[in-house]
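Colleague: See my_file_19.txt below, with compact mmCIF, C-alpha atoms.
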# COMPACT_ATOMS: atom_id res chain seq x y z
CA MET A 202 -4.15 -24.58 -4.37
CA PRO A 203 -1.58 -24.52 -1.51
CA GLU A 204 -1.64 -21.58 0.89
CA VAL A 205 0.99 -18.94 0.11
CA TRP A 206 2.13 -15.99 2.22
CA ALA A 207 4.56 -13.31 1.11
CA VAL A 208 7.47 -12.49 3.41
CA VAL A 209 9.21 -9.19 2.65
CA PRO A 210 12.43 -8.26 4.49
CA ALA A 211 12.36 -4.46 4.70
CA ALA A 212 14.56 -3.70 7.72
CA GLY A 213 17.61 -2.65 5.67
CA ARG A 214 18.86 0.93 5.52
CA GLY A 215 20.11 0.79 1.89
CA ARG A 216 23.54 2.23 2.68
CA ARG A 217 24.81 1.62 -0.86
CA PHE A 218 22.01 3.79 -2.20
CA GLY A 219 22.69 6.67 0.19
CA GLY A 220 20.35 9.40 1.35
CA PRO A 221 18.36 9.91 4.55
CA ARG A 222 15.47 7.59 3.60
CA PRO A 223 15.66 3.83 3.09
CA LYS A 224 15.31 3.08 -0.62
CA GLN A 225 12.18 0.96 -0.12
CA TYR A 226 10.32 4.12 0.90
CA LEU A 227 11.40 6.32 -2.01
CA GLU A 228 8.50 7.15 -4.29
CA ILE A 229 8.00 5.97 -7.85
CA ASN A 230 4.98 7.35 -9.68
CA GLY A 231 3.43 8.53 -6.41
CA ARG A 232 3.87 5.31 -4.42
CA PRO A 233 6.76 3.94 -2.32
CA VAL A 234 8.96 1.28 -3.90
CA LEU A 235 7.72 -1.10 -1.19
CA ALA A 236 4.09 -0.48 -2.18
CA HIS A 237 4.84 -1.51 -5.77
CA ALA A 238 6.60 -4.66 -4.53
CA LEU A 239 3.75 -5.64 -2.19
CA ASP A 240 1.06 -4.95 -4.78
CA ALA A 241 2.85 -7.13 -7.34
CA LEU A 242 2.91 -10.04 -4.88
CA LEU A 243 -0.64 -9.61 -3.65
CA ALA A 244 -1.99 -9.38 -7.20
CA HIS A 245 -1.71 -13.18 -7.48
CA ASP A 246 -4.82 -15.06 -6.38
CA ALA A 247 -2.78 -17.69 -4.51
CA VAL A 248 -1.08 -15.18 -2.18
CA ARG A 249 -3.19 -14.78 0.98
CA GLY A 250 -1.34 -11.83 2.51
CA ALA A 251 2.06 -10.47 3.49
CA MET A 252 4.38 -10.26 6.48
CA VAL A 253 6.80 -7.32 6.28
CA ALA A 254 9.88 -7.31 8.54
CA ILE A 255 10.78 -3.70 9.37
CA ALA A 256 13.45 -2.02 11.46
CA PRO A 257 12.59 -1.46 15.15
CA ASP A 258 13.03 2.31 14.72
CA ASP A 259 11.28 2.53 11.34
CA ALA A 260 9.65 5.96 11.18
CA ASP A 261 8.78 5.62 7.49
CA TRP A 262 6.44 2.61 7.67
CA PRO A 263 3.06 3.91 6.38
CA GLY A 264 1.02 1.73 8.72
CA TRP A 265 -0.66 -0.41 6.06
CA THR A 266 -2.82 -3.22 7.40
CA GLU A 267 -4.02 -4.32 3.99
CA ARG A 268 -3.30 -3.84 0.31
CA ARG A 269 -5.34 -5.13 -2.62
CA GLY A 270 -7.91 -6.29 -0.08
CA LYS A 271 -5.45 -8.68 1.58
CA PRO A 272 -3.90 -8.46 5.07
CA VAL A 273 -0.48 -6.91 5.60
CA HIS A 274 1.23 -7.71 8.92
CA THR A 275 4.54 -6.44 10.31
CA CYS A 276 7.23 -7.76 12.61
CA VAL A 277 10.63 -6.52 13.74
CA GLY A 278 13.43 -7.62 11.44
CA GLY A 279 17.10 -8.22 12.17
CA ALA A 280 20.57 -7.00 11.28
CA GLU A 281 20.92 -9.29 8.25
CA ARG A 282 18.46 -10.20 5.52
CA ALA A 283 18.32 -13.81 6.74
CA ASP A 284 17.47 -12.60 10.26
CA SER A 285 14.56 -10.56 8.91
CA VAL A 286 13.24 -13.42 6.80
CA LEU A 287 13.41 -15.82 9.75
CA ALA A 288 11.63 -13.26 11.95
CA GLY A 289 8.93 -12.94 9.30
CA LEU A 290 8.45 -16.69 9.05
CA ARG A 291 8.16 -17.03 12.82
CA ALA A 292 5.76 -14.07 13.03
CA LEU A 293 3.34 -16.01 10.83
CA ASP A 294 2.65 -18.37 13.74
CA GLY A 295 -1.09 -18.33 14.31
CA ILE A 296 -1.68 -16.67 10.95
CA ALA A 297 -0.47 -19.26 8.44
CA PRO A 298 -0.01 -23.03 8.81
CA GLN A 299 3.54 -24.35 9.25
CA ASP A 300 3.38 -26.11 5.88
CA ALA A 301 2.21 -23.02 3.99
CA TRP A 302 4.50 -21.75 1.25
CA ALA A 303 6.61 -18.66 1.96
CA LEU A 304 7.15 -16.34 -0.98
CA VAL A 305 10.18 -14.21 -0.07
CA HIS A 306 10.66 -11.03 -2.10
CA ASP A 307 13.01 -8.05 -1.92
CA ALA A 308 11.35 -4.86 -0.65
CA ALA A 309 13.27 -2.88 -3.27
CA ARG A 310 12.32 -5.05 -6.27
CA PRO A 311 9.11 -3.36 -7.49
CA ASN A 312 8.79 -4.54 -11.11
CA LEU A 313 7.72 -8.16 -10.65
CA ALA A 314 5.63 -9.53 -13.52
CA LEU A 315 2.53 -11.54 -12.66
CA ALA A 316 3.38 -14.10 -15.35
CA ASP A 317 6.78 -14.75 -13.71
CA LEU A 318 5.10 -15.25 -10.35
CA ASP A 319 2.59 -17.63 -11.90
CA ARG A 320 5.37 -19.79 -13.40
CA LEU A 321 7.36 -19.76 -10.15
CA LEU A 322 4.41 -21.05 -8.14
CA ALA A 323 3.62 -23.76 -10.69
CA VAL A 324 7.21 -25.08 -10.74
CA ALA A 325 7.64 -24.99 -6.95
CA PHE A 326 4.33 -26.73 -6.28
CA ALA A 327 5.17 -29.47 -8.80
CA GLN A 328 8.77 -29.95 -7.65
CA GLY A 329 8.24 -29.81 -3.89
CA ASP A 330 11.60 -28.52 -2.65
CA GLY A 331 11.08 -24.97 -3.86
CA ALA A 332 12.14 -22.68 -6.67
CA ILE A 333 13.51 -19.20 -7.33
CA LEU A 334 13.26 -16.70 -10.14
CA ALA A 335 16.62 -16.28 -11.83
CA ALA A 336 18.20 -15.01 -15.04
CA PRO A 337 20.95 -16.70 -17.07
CA VAL A 338 24.25 -14.80 -17.12
CA ARG A 339 24.62 -13.36 -20.61
CA ASP A 340 27.69 -11.13 -20.24
CA THR A 341 31.29 -12.31 -20.45
CA LEU A 342 32.66 -12.67 -16.92
CA LYS A 343 36.16 -11.59 -15.88
CA ARG A 344 37.96 -12.62 -12.69
CA ALA A 345 40.21 -9.85 -11.33
CA ASN A 346 43.65 -10.16 -9.78
CA ALA A 347 44.87 -8.21 -6.75
CA ALA A 348 46.20 -5.40 -8.96
CA GLY A 349 42.84 -4.82 -10.61
CA GLY A 350 43.75 -6.51 -13.87
CA ILE A 351 42.11 -9.49 -15.54
CA ALA A 352 43.25 -12.82 -14.12
CA ALA A 353 40.98 -14.99 -16.26
CA THR A 354 37.81 -15.12 -18.30
CA GLN A 355 35.21 -17.24 -16.56
CA PRO A 356 32.87 -19.52 -18.50
CA ARG A 357 29.30 -18.30 -18.13
CA GLU A 358 27.54 -21.52 -19.11
CA GLN A 359 25.30 -22.83 -16.31
CA LEU A 360 25.62 -19.56 -14.35
CA TRP A 361 22.46 -17.72 -13.28
CA ARG A 362 21.73 -14.53 -11.34
CA ALA A 363 19.42 -15.18 -8.42
CA LEU A 364 16.36 -12.93 -8.33
CA THR A 365 13.30 -12.87 -6.11
CA PRO A 366 10.70 -14.00 -5.26
CA GLN A 367 12.03 -17.28 -3.87
CA LEU A 368 9.43 -19.85 -2.82
CA PHE A 369 9.76 -22.59 -0.20
CA ARG A 370 7.64 -24.30 2.42
CA ARG A 371 7.55 -22.13 5.49
CA ASP A 372 8.64 -24.77 8.00
CA ALA A 373 11.51 -26.07 5.85
CA LEU A 374 12.85 -22.57 5.16
CA ALA A 375 12.66 -21.54 8.82
CA ALA A 376 14.60 -24.66 9.83
CA ALA A 377 17.22 -24.08 7.11
CA LEU A 378 17.75 -20.43 8.08
CA ALA A 379 17.99 -21.30 11.79
CA ALA A 380 20.52 -24.04 11.04
CA ALA A 381 22.68 -21.68 8.98
CA ALA A 382 22.60 -19.06 11.75
CA GLY A 383 23.51 -21.73 14.30
CA ASP A 384 26.52 -22.69 12.18
CA GLY A 385 27.63 -19.06 11.91
CA ILE A 386 26.89 -18.91 8.17
CA VAL A 387 25.51 -15.65 6.74
CA VAL A 388 23.32 -16.73 3.84
CA THR A 389 22.74 -14.14 1.13
CA ASP A 390 19.47 -15.58 -0.12
CA GLU A 391 16.92 -18.20 0.92
CA ALA A 392 18.03 -20.69 -1.72
CA MET A 393 21.52 -20.78 -0.17
CA ALA A 394 20.04 -21.89 3.16
CA MET A 395 17.89 -24.52 1.46
CA GLU A 396 20.85 -25.81 -0.59
CA ARG A 397 22.78 -26.31 2.67
CA ALA A 398 19.80 -28.34 3.94
CA GLY A 399 19.99 -30.62 0.90
CA ALA A 400 17.02 -29.25 -1.06
CA GLN A 401 17.00 -29.49 -4.85
CA VAL A 402 15.98 -25.93 -5.68
CA ARG A 403 14.68 -25.26 -9.18
CA LEU A 404 15.61 -22.25 -11.31
CA VAL A 405 12.72 -20.52 -13.07
CA GLU A 406 13.77 -18.02 -15.71
CA GLY A 407 12.35 -14.59 -14.95
CA ARG A 408 12.28 -11.28 -16.76
CA GLU A 409 15.50 -9.28 -16.85
CA ASP A 410 13.61 -6.12 -15.86
CA ASN A 411 12.77 -7.53 -12.41
CA LEU A 412 15.35 -5.12 -11.06
CA LYS A 413 16.43 -4.47 -7.49
CA VAL A 414 16.84 -0.79 -6.68
CA THR A 415 20.41 -0.47 -5.41
CA THR A 416 21.60 2.83 -6.92
CA PRO A 417 19.91 6.10 -8.01
CA ALA A 418 20.33 4.94 -11.63
CA ASP A 419 18.30 1.80 -10.81
CA LEU A 420 15.54 3.96 -9.36
CA ALA A 421 15.32 6.04 -12.54
CA LEU A 422 15.21 2.93 -14.74
CA VAL A 423 12.53 1.23 -12.64
CA GLU A 424 10.48 4.44 -12.66
CA PHE A 425 10.55 4.34 -16.46
CA LEU A 426 9.67 0.63 -16.59
CA LEU A 427 6.72 1.00 -14.22
CA ALA A 428 5.41 4.07 -16.04
CA ARG A 429 5.55 2.16 -19.33
CA ARG A 430 3.80 -0.85 -17.79
CA ASP A 431 1.03 1.37 -16.39
CA ALA A 432 0.64 3.04 -19.77
CA ASP A 433 0.42 -0.32 -21.53
CA ALA A 434 -2.21 -1.51 -19.03
CA SER A 435 -4.24 1.68 -19.48
CA TYR A 436 -4.13 1.29 -23.25
CA ALA A 437 -5.19 -2.36 -23.04
CA ASN A 438 -8.09 -1.46 -20.74
CA ALA A 439 -9.22 1.37 -23.00
CA THR A 440 -9.09 -0.66 -26.20
CA GLY A 441 -10.03 -4.09 -24.88
CA ALA A 442 -6.71 -5.45 -26.14
CA THR A 443 -4.96 -8.32 -24.33
CA ALA A 444 -1.52 -7.69 -22.87
Output the file's structure as structure tokens, nothing else.
Modeller:
Amino acid sequence: MPEVWAVVPAAGRGRRFGGPRPKQYLEINGRPVLAHALDALLAHDAVRGAMVAIAPDDADWPGWTERRGKPVHTCVGGAERADSVLAGLRALDGIAPQDAWALVHDAARPNLALADLDRLLAVAFAQGDGAILAAPVRDTLKRANAAGGIAATQPREQLWRALTPQLFRRDALAAALAAAAGDGIVVTDEAMAMERAGAQVRLVEGREDNLKVTTPADLALVEFLLARRDADASYANATGATA
């Protein structure tokens, strides 16, 4: 199986969330959001370890060097998400081969399902250019006018919401991110950089509950989802049932 390393951009301050602590360090069920995200990635047998890009003045980083028996490295991230991901890819020099696969995941997306990750890896390995988890848009979409009214109803067919993880070859993604930065383009996810480079990125449908914590309401919902998942796992272990 190809070598895979997780890259987790965690240098953001989470200004939309508010509060003195970055949202990735808020606790859910006794563990930071970031710990849940890392553990979900490292639970897959193909993932060798993780590189976490943190802020240069990060006083909340717990100092992990391993989780789930796998190495956890850190590097200094940048002002934008793309800067942090590129820093993480470059920091893997000497740790992972250039043609390893980079599995990029949001630090504040703690409810990743192992089955989704398994499907993502299978599709990306078979397709070659890479793949992302995503969810089809199911709501009716409205385009607003300048006055705050409805200008039009947008067709939702063929529209997807990009999720993470997103999986690409490390060398190709680093080149695509560097090229976008050189052209003055701020890419909002890794797939956007790869699309600019001409890659045919595949969409892999993921679970709707793979939520990113952006608001306090998101945190409460994810806390409920993780508690329910832990309870289901405990029940399955106690009864010998399969999940």
Colleague: So, with all atoms listed in the file as the atoms that count, which of A:Val253, A:Val305, A:Ala241, A:Leu321 lies closest to Cys276 of chain A?
Modeller: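 Using all atoms listed in the file, Cys276 of chain A sits closest to A:Val253.
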Colleague: When you count all atoms listed in the file, which of these residues is closest to Trp206 of chain A: A:Ala256, A:Ala288, A:Leu293, A:Val423?
Modeller: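 Between A:Ala256, A:Ala288, A:Leu293, A:Val423, the residue approaching Trp206 of chain A most closely is A:Leu293.
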Colleague: Would you mind listing what lies within 10 Å of Ala381 of chain A as an MDAnalysis selection string, with all atoms listed in the file counted and same-chain residues fewer than 3 positions away left out?
Modeller: chainID A and resid 283 376:378 384:388 393:395 397:398
Colleague: With all atoms listed in the file as the counted atoms, please give the residues lying no more than 12 Å from segment 222-224 of chain A, apart from itself and same-chain residues fewer than 3 positions off, as a VMD selection string.
Modeller: chain A and resid 211 to 219 227 to 229 233 to 236 255 to 256 259 to 262 307 to 311 413 to 417 419 to 420
Colleague: Just to be explicit: take each residue in the selection above, keep C-alpha atoms, and write the result as a JSON list (two decimals), in the coordinates of the input.
Modeller:
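Written out: part00.json:
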[["chain", "number", "residue", "atom", "x", "y", "z"],
["A", 211, "ALA", "CA", 12.36, -4.46, 4.70],
["A", 212, "ALA", "CA", 14.56, -3.70, 7.72],
["A", 213, "GLY", "CA", 17.61, -2.65, 5.67],
["A", 214, "ARG", "CA", 18.86, 0.93, 5.52],
["A", 215, "GLY", "CA", 20.11, 0.79, 1.89],
["A", 216, "ARG", "CA", 23.54, 2.23, 2.68],
["A", 217, "ARG", "CA", 24.81, 1.62, -0.86],
["A", 218, "PHE", "CA", 22.01, 3.79, -2.20],
["A", 219, "GLY", "CA", 22.69, 6.67, 0.19],
["A", 227, "LEU", "CA", 11.40, 6.32, -2.01],
["A", 228, "GLU", "CA", 8.50, 7.15, -4.29],
["A", 229, "ILE", "CA", 8.00, 5.97, -7.85],
["A", 233, "PRO", "CA", 6.76, 3.94, -2.32],
["A", 234, "VAL", "CA", 8.96, 1.28, -3.90],
["A", 235, "LEU", "CA", 7.72, -1.10, -1.19],
["A", 236, "ALA", "CA", 4.09, -0.48, -2.18],
["A", 255, "ILE", "CA", 10.78, -3.70, 9.37],
["A", 256, "ALA", "CA", 13.45, -2.02, 11.46],
["A", 259, "ASP", "CA", 11.28, 2.53, 11.34],
["A", 260, "ALA", "CA", 9.65, 5.96, 11.18],
["A", 261, "ASP", "CA", 8.78, 5.62, 7.49],
["A", 262, "TRP", "CA", 6.44, 2.61, 7.67],
["A", 307, "ASP", "CA", 13.01, -8.05, -1.92],
["A", 308, "ALA", "CA", 11.35, -4.86, -0.65],
["A", 309, "ALA", "CA", 13.27, -2.88, -3.27],
["A", 310, "ARG", "CA", 12.32, -5.05, -6.27],
["A", 311, "PRO", "CA", 9.11, -3.36, -7.49],
["A", 413, "LYS", "CA", 16.43, -4.47, -7.49],
["A", 414, "VAL", "CA", 16.84, -0.79, -6.68],
["A", 415, "THR", "CA", 20.41, -0.47, -5.41],
["A", 416, "THR", "CA", 21.60, 2.83, -6.92],
["A", 417, "PRO", "CA", 19.91, 6.10, -8.01],
["A", 419, "ASP", "CA", 18.30, 1.80, -10.81],
["A", 420, "LEU", "CA", 15.54, 3.96, -9.36]]
Colleague: Take atom CA of Arg269 of chain A and atom CA of Glu204 of chain A and report the distance between them in Å, one decimal.
Modeller: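 Computed distance, atom CA of Arg269 of chain A to atom CA of Glu204 of chain A, equals 17.2 Å.
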Colleague: Which residue is closest to Ala297 of chain A? Choose from A:Gly329, A:Gly279, A:Gly383, A:Pro272 and count all atoms listed in the file.
Modeller: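 Comparing A:Gly329, A:Gly279, A:Gly383, A:Pro272 against Ala297 of chain A, the winner is A:Pro272.
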Colleague: For Val208 of chain A, list every protein, DNA or RNA residue within 9 Å, evaluated using all atoms listed in the file, and leave out those in the same chain fewer than 2 positions away; present the list as a VMD selection string.
Modeller: chain A and resid 206 210 250 to 254 286 289 to 290 303 to 307
Colleague: Just write the chosen residues, C-alpha atoms, as a PDB file, in the frame of the given file.
Modeller:
ATOM      1  CA  TRP A 206       2.130 -15.990   2.220  1.00  0.00           C
ATOM      2  CA  PRO A 210      12.430  -8.260   4.490  1.00  0.00           C
ATOM      3  CA  GLY A 250      -1.340 -11.830   2.510  1.00  0.00           C
ATOM      4  CA  ALA A 251       2.060 -10.470   3.490  1.00  0.00           C
ATOM      5  CA  MET A 252       4.380 -10.260   6.480  1.00  0.00           C
ATOM      6  CA  VAL A 253       6.800  -7.320   6.280  1.00  0.00           C
ATOM      7  CA  ALA A 254       9.880  -7.310   8.540  1.00  0.00           C
ATOM      8  CA  VAL A 286      13.240 -13.420   6.800  1.00  0.00           C
ATOM      9  CA  GLY A 289       8.930 -12.940   9.300  1.00  0.00           C
ATOM     10  CA  LEU A 290       8.450 -16.690   9.050  1.00  0.00           C
ATOM     11  CA  ALA A 303       6.610 -18.660   1.960  1.00  0.00           C
ATOM     12  CA  LEU A 304       7.150 -16.340  -0.980  1.00  0.00           C
ATOM     13  CA  VAL A 305      10.180 -14.210  -0.070  1.00  0.00           C
ATOM     14  CA  HIS A 306      10.660 -11.030  -2.100  1.00  0.00           C
ATOM     15  CA  ASP A 307      13.010  -8.050  -1.920  1.00  0.00           C
TER      16      ASP A 307
END
Colleague: Figure out the distance between atom CA of Asn312 of chain A and atom CA of Glu424 of chain A, please, to one decimal in Å.
Modeller: 9.3 Å
Colleague: To one decimal in Å, tell me the separation between atom CA of Asp317 of chain A and atom CA of Arg371 of chain A.
Modeller: 20.6 Å
Colleague: Using all atoms listed in the file, can you tell me which of A:Arg357, A:Arg232, A:Arg430, A:His274 comes closest to Ala314 of chain A?
Modeller: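 Residue with the minimum atom-to-atom distance to Ala314 of chain A: A:Arg430.
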